[in-house]
$ cat start_26.tsv   # TSV, C-alpha atoms and all ligand atoms
chain	number	residue	atom	x	y	z
K	1	MET	CA	-47.32	17.90	-5.66
K	2	PHE	CA	-46.81	17.36	-1.94
K	3	PRO	CA	-45.36	20.60	-0.52
K	4	ASP	CA	-44.95	19.21	2.99
K	5	SER	CA	-43.05	16.12	1.86
K	6	THR	CA	-39.57	15.72	3.30
K	7	GLY	CA	-38.23	13.42	0.62
K	8	GLU	CA	-37.68	10.78	3.32
K	9	LEU	CA	-39.94	8.17	1.74
K	10	SER	CA	-38.24	8.61	-1.63
K	11	ASP	CA	-34.92	8.12	0.15
K	12	LEU	CA	-36.19	4.89	1.73
K	13	LEU	CA	-37.40	3.53	-1.57
K	14	VAL	CA	-34.06	4.35	-3.17
K	15	SER	CA	-32.24	2.43	-0.43
K	16	ILE	CA	-34.57	-0.54	-0.87
K	17	SER	CA	-34.06	-0.43	-4.64
K	18	LEU	CA	-30.29	-0.52	-4.10
K	19	GLY	CA	-30.78	-3.68	-2.00
K	20	VAL	CA	-32.87	-5.15	-4.81
K	21	LYS	CA	-30.12	-4.40	-7.36
K	22	LEU	CA	-27.54	-6.12	-5.16
K	23	ILE	CA	-29.74	-9.19	-4.63
K	24	SER	CA	-30.59	-9.30	-8.34
K	25	GLN	CA	-26.85	-9.53	-9.09
K	26	MET	CA	-26.43	-12.16	-6.36
K	27	VAL	CA	-29.24	-14.33	-7.77
K	28	ALA	CA	-27.80	-14.05	-11.29
K	29	THR	CA	-24.38	-15.31	-10.14
K	30	ALA	CA	-25.41	-17.62	-7.28
K	31	GLY	CA	-24.80	-20.74	-9.33
K	32	PHE	CA	-21.07	-20.31	-9.67
K	33	LYS	CA	-20.60	-18.59	-6.34
K	34	GLY	CA	-21.77	-21.60	-4.38
K	35	LEU	CA	-24.87	-19.86	-2.96
K	36	HIS	CA	-27.39	-22.49	-3.99
K	37	GLY	CA	-26.65	-24.76	-1.10
K	38	TYR	CA	-28.11	-24.82	2.38
K	39	SER	CA	-26.63	-22.73	5.15
K	40	GLY	CA	-27.31	-25.36	7.78
K	41	HIS	CA	-29.51	-22.81	9.56
K	42	VAL	CA	-33.25	-23.49	10.20
K	43	ASN	CA	-35.40	-20.38	10.53
K	44	THR	CA	-38.20	-19.69	12.96
K	45	HIS	CA	-40.67	-21.31	10.57
K	46	GLY	CA	-38.73	-24.55	10.52
K	47	ASP	CA	-37.64	-23.91	6.94
K	48	GLU	CA	-34.11	-24.93	5.98
K	49	VAL	CA	-32.38	-21.68	5.05
K	50	ARG	CA	-30.38	-21.55	1.87
K	51	GLN	CA	-27.08	-19.73	1.78
K	52	ILE	CA	-28.56	-17.19	-0.61
K	53	ASP	CA	-31.48	-16.52	1.79
K	54	ARG	CA	-28.93	-15.47	4.40
K	55	GLU	CA	-26.88	-13.44	1.95
K	56	ALA	CA	-29.96	-11.56	0.78
K	57	ASP	CA	-31.00	-11.02	4.39
K	58	GLU	CA	-27.52	-9.66	5.25
K	59	VAL	CA	-27.62	-7.21	2.34
K	60	LEU	CA	-30.96	-5.77	3.41
K	61	VAL	CA	-30.17	-5.68	7.13
K	62	GLU	CA	-26.87	-3.86	6.44
K	63	LEU	CA	-28.35	-1.45	3.92
K	64	LEU	CA	-31.62	-0.64	5.65
K	65	GLY	CA	-29.99	-0.78	9.07
K	66	SER	CA	-27.68	2.05	8.07
K	67	SER	CA	-30.39	4.22	6.54
K	68	ASP	CA	-31.47	6.89	9.05
K	69	HIS	CA	-35.13	6.26	8.52
K	70	PHE	CA	-35.84	2.77	9.76
K	71	GLY	CA	-35.91	2.38	13.53
K	72	LEU	CA	-36.71	-1.32	13.33
K	73	LEU	CA	-36.46	-4.15	10.84
K	74	VAL	CA	-38.19	-7.52	10.62
K	75	SER	CA	-36.85	-10.19	8.29
K	76	GLU	CA	-38.31	-13.59	7.50
K	77	GLU	CA	-34.85	-14.97	8.30
K	78	ARG	CA	-34.51	-13.41	11.78
K	79	ASP	CA	-36.43	-14.61	14.83
K	80	ASP	CA	-36.52	-11.21	16.51
K	81	VAL	CA	-37.01	-7.56	15.56
K	82	ILE	CA	-33.73	-5.83	14.66
K	83	ALA	CA	-33.12	-2.35	16.15
K	84	THR	CA	-31.03	-0.12	13.89
K	85	GLN	CA	-28.68	2.77	14.57
K	86	ALA	CA	-31.61	5.08	13.79
K	87	ILE	CA	-33.63	3.82	16.70
K	88	GLY	CA	-32.17	6.48	18.97
K	89	ALA	CA	-32.37	9.14	16.28
K	90	GLY	CA	-36.13	8.48	16.15
K	91	GLY	CA	-36.18	6.66	12.82
K	92	LYS	CA	-39.86	7.13	12.20
K	93	TYR	CA	-40.46	4.13	9.96
K	94	VAL	CA	-40.24	0.37	10.39
K	95	ILE	CA	-39.84	-2.12	7.56
K	96	ALA	CA	-40.61	-5.84	7.31
K	97	PHE	CA	-39.28	-7.93	4.45
K	98	ASP	CA	-38.96	-11.35	2.90
K	99	PRO	CA	-35.41	-11.01	1.59
K	100	LEU	CA	-35.73	-13.81	-0.94
K	101	ASP	CA	-39.11	-15.28	-1.80
K	102	GLY	CA	-39.32	-18.53	-3.73
K	103	SER	CA	-35.76	-19.44	-2.84
K	104	SER	CA	-36.47	-23.18	-3.08
K	105	ASN	CA	-36.58	-22.60	-6.85
K	106	ILE	CA	-33.27	-20.75	-7.04
K	107	GLY	CA	-31.24	-23.51	-8.68
K	108	SER	CA	-33.66	-23.97	-11.58
K	109	SER	CA	-33.77	-20.35	-12.81
K	110	ILE	CA	-37.39	-19.97	-11.72
K	111	PRO	CA	-38.10	-16.34	-10.72
K	112	THR	CA	-37.56	-15.31	-7.09
K	113	GLY	CA	-38.09	-11.93	-5.45
K	114	THR	CA	-38.04	-9.64	-2.43
K	115	ILE	CA	-41.19	-8.40	-0.66
K	116	PHE	CA	-41.41	-5.47	1.79
K	117	CYS	CA	-43.82	-3.19	3.62
K	118	ILE	CA	-43.20	0.01	5.57
K	119	PHE	CA	-45.17	1.33	8.56
K	120	ARG	CA	-44.80	4.47	10.64
K	121	ARG	CA	-43.63	3.80	14.16
K	122	GLN	CA	-46.58	4.08	16.49
K	123	ASP	CA	-45.04	6.25	19.22
K	124	LEU	CA	-41.56	7.72	18.82
K	125	ALA	CA	-41.45	8.55	22.52
K	126	LYS	CA	-42.00	4.91	23.46
K	127	GLY	CA	-39.19	2.41	22.90
K	128	ALA	CA	-39.57	0.58	19.60
K	129	SER	CA	-41.11	-2.88	19.86
K	130	GLU	CA	-42.80	-5.66	17.87
K	131	GLN	CA	-45.98	-3.66	18.37
K	132	ASP	CA	-44.75	-1.22	15.74
K	133	PHE	CA	-45.30	-4.02	13.21
K	134	CYS	CA	-48.70	-5.06	14.52
K	135	GLN	CA	-50.65	-2.60	12.41
K	136	ALA	CA	-53.45	-3.30	9.94
K	137	GLY	CA	-52.67	-3.54	6.24
K	138	HIS	CA	-54.35	-0.18	5.55
K	139	ALA	CA	-51.75	1.48	7.84
K	140	ILE	CA	-48.99	0.54	5.39
K	141	VAL	CA	-47.09	3.66	4.22
K	142	ALA	CA	-45.53	1.90	1.22
K	143	ALA	CA	-45.16	-1.70	0.07
K	144	GLY	CA	-43.65	-3.47	-2.90
K	145	TYR	CA	-41.90	-6.43	-4.37
K	146	SER	CA	-39.20	-7.24	-6.88
K	147	VAL	CA	-39.04	-10.15	-9.30
K	148	TYR	CA	-35.63	-11.54	-10.32
K	149	GLY	CA	-36.72	-13.08	-13.59
K	150	ALA	CA	-36.14	-12.48	-17.28
K	151	LYS	CA	-35.98	-8.86	-16.18
K	152	THR	CA	-35.67	-7.42	-12.68
K	153	SER	CA	-38.94	-5.65	-11.85
K	154	PHE	CA	-39.59	-3.32	-8.91
K	155	VAL	CA	-43.29	-2.83	-8.25
K	156	TYR	CA	-44.43	-0.54	-5.41
K	157	SER	CA	-47.23	1.61	-4.09
K	158	ALA	CA	-47.12	4.46	-1.57
K	159	GLY	CA	-50.90	4.64	-1.47
K	160	ASP	CA	-51.34	6.47	-4.77
K	161	GLY	CA	-51.53	3.64	-7.34
K	162	VAL	CA	-49.15	0.83	-8.26
K	163	HIS	CA	-46.08	1.64	-10.35
K	164	ASP	CA	-43.68	-0.67	-12.16
K	165	PHE	CA	-39.96	-0.16	-12.77
K	166	THR	CA	-37.56	-2.31	-14.78
K	167	LEU	CA	-33.83	-2.52	-14.04
K	168	ASP	CA	-31.72	-1.39	-17.00
K	169	PRO	CA	-28.48	-3.29	-16.38
K	170	SER	CA	-26.59	-1.10	-18.86
K	171	ILE	CA	-26.99	1.91	-16.54
K	172	GLY	CA	-27.73	0.10	-13.27
K	173	GLU	CA	-30.90	2.11	-12.74
K	174	PHE	CA	-34.59	1.35	-12.49
K	175	VAL	CA	-36.62	2.86	-15.32
K	176	LEU	CA	-40.36	3.57	-14.91
K	177	THR	CA	-42.14	1.16	-17.25
K	178	GLU	CA	-45.76	1.31	-16.15
K	179	GLU	CA	-47.73	3.76	-14.02
K	180	ARG	CA	-50.97	2.94	-12.20
K	181	ILE	CA	-51.17	-0.76	-12.95
K	182	THR	CA	-54.80	-1.88	-12.68
K	183	VAL	CA	-55.69	-5.54	-12.35
K	184	PRO	CA	-58.10	-6.74	-15.09
K	185	GLU	CA	-61.71	-6.90	-13.87
K	186	ARG	CA	-61.71	-10.61	-14.84
K	187	GLY	CA	-59.08	-13.10	-15.92
K	188	ASN	CA	-58.90	-16.67	-17.18
K	189	ILE	CA	-56.03	-18.02	-15.05
K	190	PHE	CA	-56.27	-19.75	-11.69
K	191	SER	CA	-53.13	-20.31	-9.62
K	192	VAL	CA	-53.01	-22.83	-6.77
K	193	ASN	CA	-50.89	-25.76	-5.65
K	194	GLU	CA	-53.21	-28.65	-6.56
K	195	GLY	CA	-50.85	-30.95	-4.70
K	196	ASN	CA	-52.76	-29.78	-1.60
K	197	TRP	CA	-56.03	-31.26	-2.92
K	198	CYS	CA	-56.19	-33.97	-0.26
K	199	TRP	CA	-56.05	-31.36	2.54
K	200	TRP	CA	-58.69	-29.00	1.07
K	201	ASP	CA	-62.27	-28.94	2.31
K	202	ASP	CA	-65.17	-29.80	-0.01
K	203	ARG	CA	-66.06	-26.19	-0.87
K	204	MET	CA	-62.52	-25.42	-1.99
K	205	ARG	CA	-62.46	-28.60	-4.08
K	206	ALA	CA	-65.83	-27.72	-5.62
K	207	PHE	CA	-64.61	-24.21	-6.53
K	208	ILE	CA	-61.44	-25.53	-8.25
K	209	ALA	CA	-63.50	-28.15	-10.10
K	210	ASP	CA	-65.88	-25.38	-11.21
K	211	LEU	CA	-63.01	-23.24	-12.53
K	212	LYS	CA	-61.90	-26.21	-14.62
K	213	GLY	CA	-65.41	-27.02	-15.81
K	214	ARG	CA	-67.71	-24.96	-17.94
K	215	ASN	CA	-68.28	-22.39	-15.23
K	216	LEU	CA	-70.78	-19.58	-14.82
K	217	VAL	CA	-68.36	-16.72	-15.27
K	218	ALA	CA	-66.14	-17.55	-18.22
K	219	GLU	CA	-67.26	-19.01	-21.52
K	220	LYS	CA	-64.45	-21.52	-21.29
K	221	PRO	CA	-62.55	-23.33	-18.55
K	222	TYR	CA	-59.79	-21.39	-16.77
K	223	THR	CA	-56.12	-22.10	-17.43
K	224	GLY	CA	-53.93	-23.32	-14.58
K	225	ARG	CA	-50.58	-21.61	-13.86
K	226	TYR	CA	-48.56	-22.25	-10.68
K	227	VAL	CA	-44.86	-21.34	-10.42
K	228	GLY	CA	-44.50	-21.98	-6.70
K	229	SER	CA	-42.77	-18.64	-6.26
K	230	LEU	CA	-45.24	-16.19	-4.70
K	231	VAL	CA	-43.80	-13.07	-6.33
K	232	ALA	CA	-43.99	-14.69	-9.79
K	233	ASP	CA	-47.53	-16.03	-9.32
K	234	PHE	CA	-48.68	-12.73	-7.79
K	235	ASP	CA	-47.04	-10.55	-10.46
K	236	ARG	CA	-48.71	-12.55	-13.25
K	237	THR	CA	-52.08	-12.32	-11.46
K	238	LEU	CA	-51.68	-8.54	-11.04
K	239	ARG	CA	-50.93	-8.00	-14.72
K	240	LYS	CA	-53.09	-10.65	-16.42
K	241	GLY	CA	-55.90	-11.05	-13.88
K	242	GLY	CA	-57.47	-14.19	-12.47
K	243	ILE	CA	-56.97	-15.57	-8.98
K	244	PHE	CA	-54.10	-16.82	-6.80
K	245	MET	CA	-55.04	-19.02	-3.86
K	246	TYR	CA	-53.14	-20.32	-0.88
K	247	PRO	CA	-56.00	-21.08	1.56
K	248	THR	CA	-55.68	-22.74	4.92
K	249	ASP	CA	-56.16	-26.52	4.79
K	250	SER	CA	-56.21	-29.45	7.21
K	251	LYS	CA	-52.40	-29.70	7.03
K	252	ARG	CA	-51.85	-25.91	7.36
K	253	PRO	CA	-54.71	-24.66	9.61
K	254	ASN	CA	-52.98	-21.26	9.92
K	255	GLY	CA	-51.98	-21.03	6.27
K	256	ARG	CA	-48.63	-21.34	4.53
K	257	LEU	CA	-47.61	-17.74	3.74
K	258	ARG	CA	-46.45	-15.16	6.28
K	259	LEU	CA	-48.89	-12.39	7.08
K	260	LEU	CA	-46.57	-9.45	7.82
K	261	TYR	CA	-44.02	-9.64	5.00
K	262	GLU	CA	-45.75	-11.69	2.30
K	263	CYS	CA	-49.55	-11.31	2.58
K	264	LEU	CA	-50.00	-7.71	3.80
K	265	PRO	CA	-47.64	-6.01	1.31
K	266	LEU	CA	-49.12	-7.91	-1.63
K	267	ALA	CA	-52.67	-7.33	-0.37
K	268	PHE	CA	-51.91	-3.58	-0.22
K	269	ILE	CA	-50.61	-3.69	-3.82
K	270	MET	CA	-53.57	-5.74	-5.10
K	271	GLU	CA	-56.14	-3.42	-3.46
K	272	GLN	CA	-54.27	-0.35	-4.79
K	273	SER	CA	-54.61	-1.82	-8.29
K	274	GLY	CA	-58.39	-2.36	-7.93
K	275	GLY	CA	-58.34	-6.03	-6.97
K	276	PHE	CA	-58.98	-7.83	-3.67
K	277	ALA	CA	-56.90	-9.90	-1.23
K	278	ILE	CA	-58.53	-11.92	1.55
K	279	ASN	CA	-57.73	-14.53	4.16
K	280	GLY	CA	-61.17	-16.13	3.74
K	281	ARG	CA	-63.72	-13.95	5.50
K	282	GLU	CA	-61.74	-10.69	5.79
K	283	ARG	CA	-59.92	-8.33	3.47
K	284	LEU	CA	-56.27	-8.56	4.46
K	285	ILE	CA	-55.87	-4.78	4.54
K	286	ASP	CA	-58.19	-4.88	7.56
K	287	VAL	CA	-56.16	-7.58	9.34
K	288	THR	CA	-53.69	-6.70	12.11
K	289	PRO	CA	-50.84	-9.13	12.89
K	290	THR	CA	-50.50	-10.25	16.49
K	291	ASN	CA	-47.00	-11.57	15.97
K	292	ILE	CA	-44.34	-10.77	13.42
K	293	HIS	CA	-44.01	-14.29	12.00
K	294	GLN	CA	-47.59	-15.50	12.01
K	295	ARG	CA	-48.98	-17.28	8.94
K	296	SER	CA	-52.15	-16.54	7.02
K	297	ALA	CA	-54.32	-17.73	4.16
K	298	PHE	CA	-53.82	-15.58	1.06
K	299	ILE	CA	-56.26	-15.37	-1.87
K	300	ALA	CA	-55.79	-12.43	-4.25
K	301	GLY	CA	-56.82	-11.34	-7.74
K	302	SER	CA	-59.44	-9.83	-10.03
K	303	PRO	CA	-62.75	-8.59	-8.61
K	304	THR	CA	-64.85	-11.12	-10.57
K	305	GLU	CA	-63.00	-14.24	-9.50
K	306	MET	CA	-62.45	-12.95	-5.94
K	307	LYS	CA	-66.16	-12.26	-5.36
K	308	TRP	CA	-67.00	-15.65	-6.82
K	309	PHE	CA	-64.44	-17.38	-4.59
K	310	ALA	CA	-65.43	-15.51	-1.39
K	311	ARG	CA	-69.11	-16.30	-1.91
K	312	SER	CA	-68.65	-19.97	-2.96
K	313	VAL	CA	-66.03	-21.01	-0.44
K	314	TYR	CA	-66.70	-18.72	2.54
K	315	ASP	CA	-70.25	-17.31	2.11
K	316	TYR	CA	-68.51	-13.92	2.27
K	317	ASP	CA	-69.78	-11.00	0.16
K	318	LEU	CA	-66.78	-8.94	-0.94
O	401	LIG	P1	-39.97	-18.40	0.79
O	401	LIG	O1	-39.05	-18.88	-0.29
O	401	LIG	O2	-39.78	-16.96	1.14
O	401	LIG	O3	-39.98	-19.32	1.99
O	401	LIG	O4	-41.46	-18.44	0.20
O	401	LIG	C1	-41.88	-19.60	-0.42
O	401	LIG	C2	-43.38	-19.56	-0.54
O	401	LIG	C3	-43.88	-18.74	-1.73
O	401	LIG	O5	-42.87	-18.22	-2.53
O	401	LIG	C4	-44.67	-19.74	-2.54
O	401	LIG	O6	-45.89	-19.21	-2.98
O	401	LIG	C5	-44.92	-20.85	-1.57
O	401	LIG	O7	-43.79	-20.88	-0.71
O	401	LIG	C6	-45.03	-22.17	-2.28
O	401	LIG	O8	-45.49	-23.07	-1.31
O	401	LIG	P2	-45.80	-24.59	-1.78
O	401	LIG	O9	-44.48	-25.18	-2.15
O	401	LIG	O10	-46.43	-25.22	-0.56
O	401	LIG	O11	-46.76	-24.49	-2.95
O	402	MN	MN	-41.58	-15.94	0.75
O	403	MN	MN	-38.04	-15.98	1.82

$ encode --input "start_26.tsv" --output "structure tokens"
Amino acid sequence: MFPDSTGELSDLLVSISLGVKLISQMVATAGFKGLHGYSGHVNTHGDEVRQIDREADEVLVELLGSSDHFGLLVSEERDDVIATQAIGAGGKYVIAFDPLDGSSNIGSSIPTGTIFCIFRRQDLAKGASEQDFCQAGHAIVAAGYSVYGAKTSFVYSAGDGVHDFTLDPSIGEFVLTEERITVPERGNIFSVNEGNWCWWDDRMRAFIADLKGRNLVAEKPYTGRYVGSLVADFDRTLRKGGIFMYPTDSKRPNGRLRLLYECLPLAFIMEQSGGFAINGRERLIDVTPTNIHQRSAFIAGSPTEMKWFARSVYDYDL
């Protein structure tokens, strides 16, 4: 279909999927391998890092660092950009990842996952720098996430629809299970941490109250679902529709989630599936990071609920 393709992107995705298989195995056995504890390390966000966060980070840094295609890596667990052996060989892509999302839930068998996005390096002649990661969401070459749950899913898009693979442990391979996932036009699930109620502004509170009342859009109140693991809450929203919200609030004026390796990849996926992802007044695919670890608001889901939210809470017409 693409005569000028080099096969390089496929090779990248295969190397990422190998990392996902290794982490899936690690998560499944973490309990008796003593990986549930804390590593004693605090990351750049001030989060206490669990041993398994570091193990997952090591796997991806080793694996992707030795692939010839990535000149630079960014990991949630590393303060600075990591240059790989390919940097000299002109590795033309850069990848940012959250090695293990939702890791605070790891001990209770709640799903966790890995999130990544790939950009082209801006100027191969120039030395690689953080600037290679400061590109708008619509510049993403490919993005995806895995969910280590009842099954291990690998969901990705390279700009031509969203495709879902399931790991078949009996052969150790990912099998294509769904092509061109499209988010339902409307859902009946809202997903938010209501424990943040006291820090929300009045318009956010009014919107949540509306969802739970007899609201204009659905004949019946919405159902609440919140796992507290972004990949799990996002994956359910993508497949069943509705809306996931992590807005800024008075306690988190810059938001809770990380723009480069949580919000942008998932925004790319949601938009590729026909939904929307915003930070309030902008679509996240139009947002360009200014630093690799900055935080952002993240609201994503079905067109109906997203337009309703954007208008009600931000006077923004999606
Ligand atoms: P991570 O484990 O990579 O630090 O991400 C945790 C994030 C995300 O998974 C989830 O949506 C969010 O933390 C939950 O935050 P609250 O506990 O504030 O709801
Ligand atoms: Mn995360
Ligand atoms: Mn993480």

$ closest_atom_pairs --input "start_26.tsv" --of "chain K" --to "ligand MN 403 (chain O)" --cutoff "6 Å" --atoms "all atoms listed in the file" --output "JSON lines"
{"residue": "K:Asp98", "atom": "CA", "partner": "O:MN403", "partner_atom": "MN", "distance": 4.8}
{"residue": "K:Pro99", "atom": "CA", "partner": "O:MN403", "partner_atom": "MN", "distance": 5.6}
{"residue": "K:Leu100", "atom": "CA", "partner": "O:MN403", "partner_atom": "MN", "distance": 4.2}
{"residue": "K:Asp101", "atom": "CA", "partner": "O:MN403", "partner_atom": "MN", "distance": 3.8}

$ atom_distance --input "start_26.tsv" --atom1 "CA of Glu130 in chain K" --atom2 "CA of Gly280 in chain K"
25.4 Å

$ residues_around --input "start_26.tsv" --residues "Val162 in chain K" --least-positions-apart "3" --cutoff "7 Å" --atoms "only C-alpha atoms" --output "MDAnalysis selection string"
chainID K and resid 155:157 179:181 269 272:273

$ residues_near_ligand --input "start_26.tsv" --ligand "ligand MN 402 (chain O)" --cutoff "10 Å" --atoms "only C-alpha atoms and all ligand atoms" --output "compact mmCIF listing (two decimals) with C-alpha atoms, keeping the file's coordinate frame"
# COMPACT_ATOMS: atom_id res chain seq x y z
CA GLU K 76 -38.31 -13.59 7.50
CA PHE K 97 -39.28 -7.93 4.45
CA ASP K 98 -38.96 -11.35 2.90
CA PRO K 99 -35.41 -11.01 1.59
CA LEU K 100 -35.73 -13.81 -0.94
CA ASP K 101 -39.11 -15.28 -1.80
CA GLY K 102 -39.32 -18.53 -3.73
CA SER K 103 -35.76 -19.44 -2.84
CA SER K 104 -36.47 -23.18 -3.08
CA THR K 112 -37.56 -15.31 -7.09
CA GLY K 113 -38.09 -11.93 -5.45
CA THR K 114 -38.04 -9.64 -2.43
CA ILE K 115 -41.19 -8.40 -0.66
CA SER K 229 -42.77 -18.64 -6.26
CA LEU K 230 -45.24 -16.19 -4.70
CA VAL K 231 -43.80 -13.07 -6.33
CA ARG K 256 -48.63 -21.34 4.53
CA LEU K 257 -47.61 -17.74 3.74
CA ARG K 258 -46.45 -15.16 6.28
CA TYR K 261 -44.02 -9.64 5.00
CA GLU K 262 -45.75 -11.69 2.30
CA CYS K 263 -49.55 -11.31 2.58

$ residues_around --input "start_26.tsv" --residues "Phe298 in chain K" --least-positions-apart "4" --cutoff "9 Å" --atoms "all atoms listed in the file" --output "short mmCIF file (atom, residue, chain, number, x, y, z; two decimals) with C-alpha atoms, keeping the file's coordinate frame"
data_model
loop_
_atom_site.label_atom_id
_atom_site.label_comp_id
_atom_site.auth_asym_id
_atom_site.auth_seq_id
_atom_site.Cartn_x
_atom_site.Cartn_y
_atom_site.Cartn_z
CA PHE K 244 -54.10 -16.82 -6.80
CA MET K 245 -55.04 -19.02 -3.86
CA TYR K 246 -53.14 -20.32 -0.88
CA PRO K 247 -56.00 -21.08 1.56
CA THR K 248 -55.68 -22.74 4.92
CA GLY K 255 -51.98 -21.03 6.27
CA ARG K 256 -48.63 -21.34 4.53
CA LEU K 257 -47.61 -17.74 3.74
CA LEU K 259 -48.89 -12.39 7.08
CA CYS K 263 -49.55 -11.31 2.58
CA ALA K 267 -52.67 -7.33 -0.37
CA ALA K 277 -56.90 -9.90 -1.23
CA ILE K 278 -58.53 -11.92 1.55
CA ASN K 279 -57.73 -14.53 4.16
CA GLY K 280 -61.17 -16.13 3.74
CA LEU K 284 -56.27 -8.56 4.46
#

$ atom_distance --input "start_26.tsv" --atom1 "CA of Val49 in chain K" --atom2 "CA of Asp68 in chain K"
28.9 Å
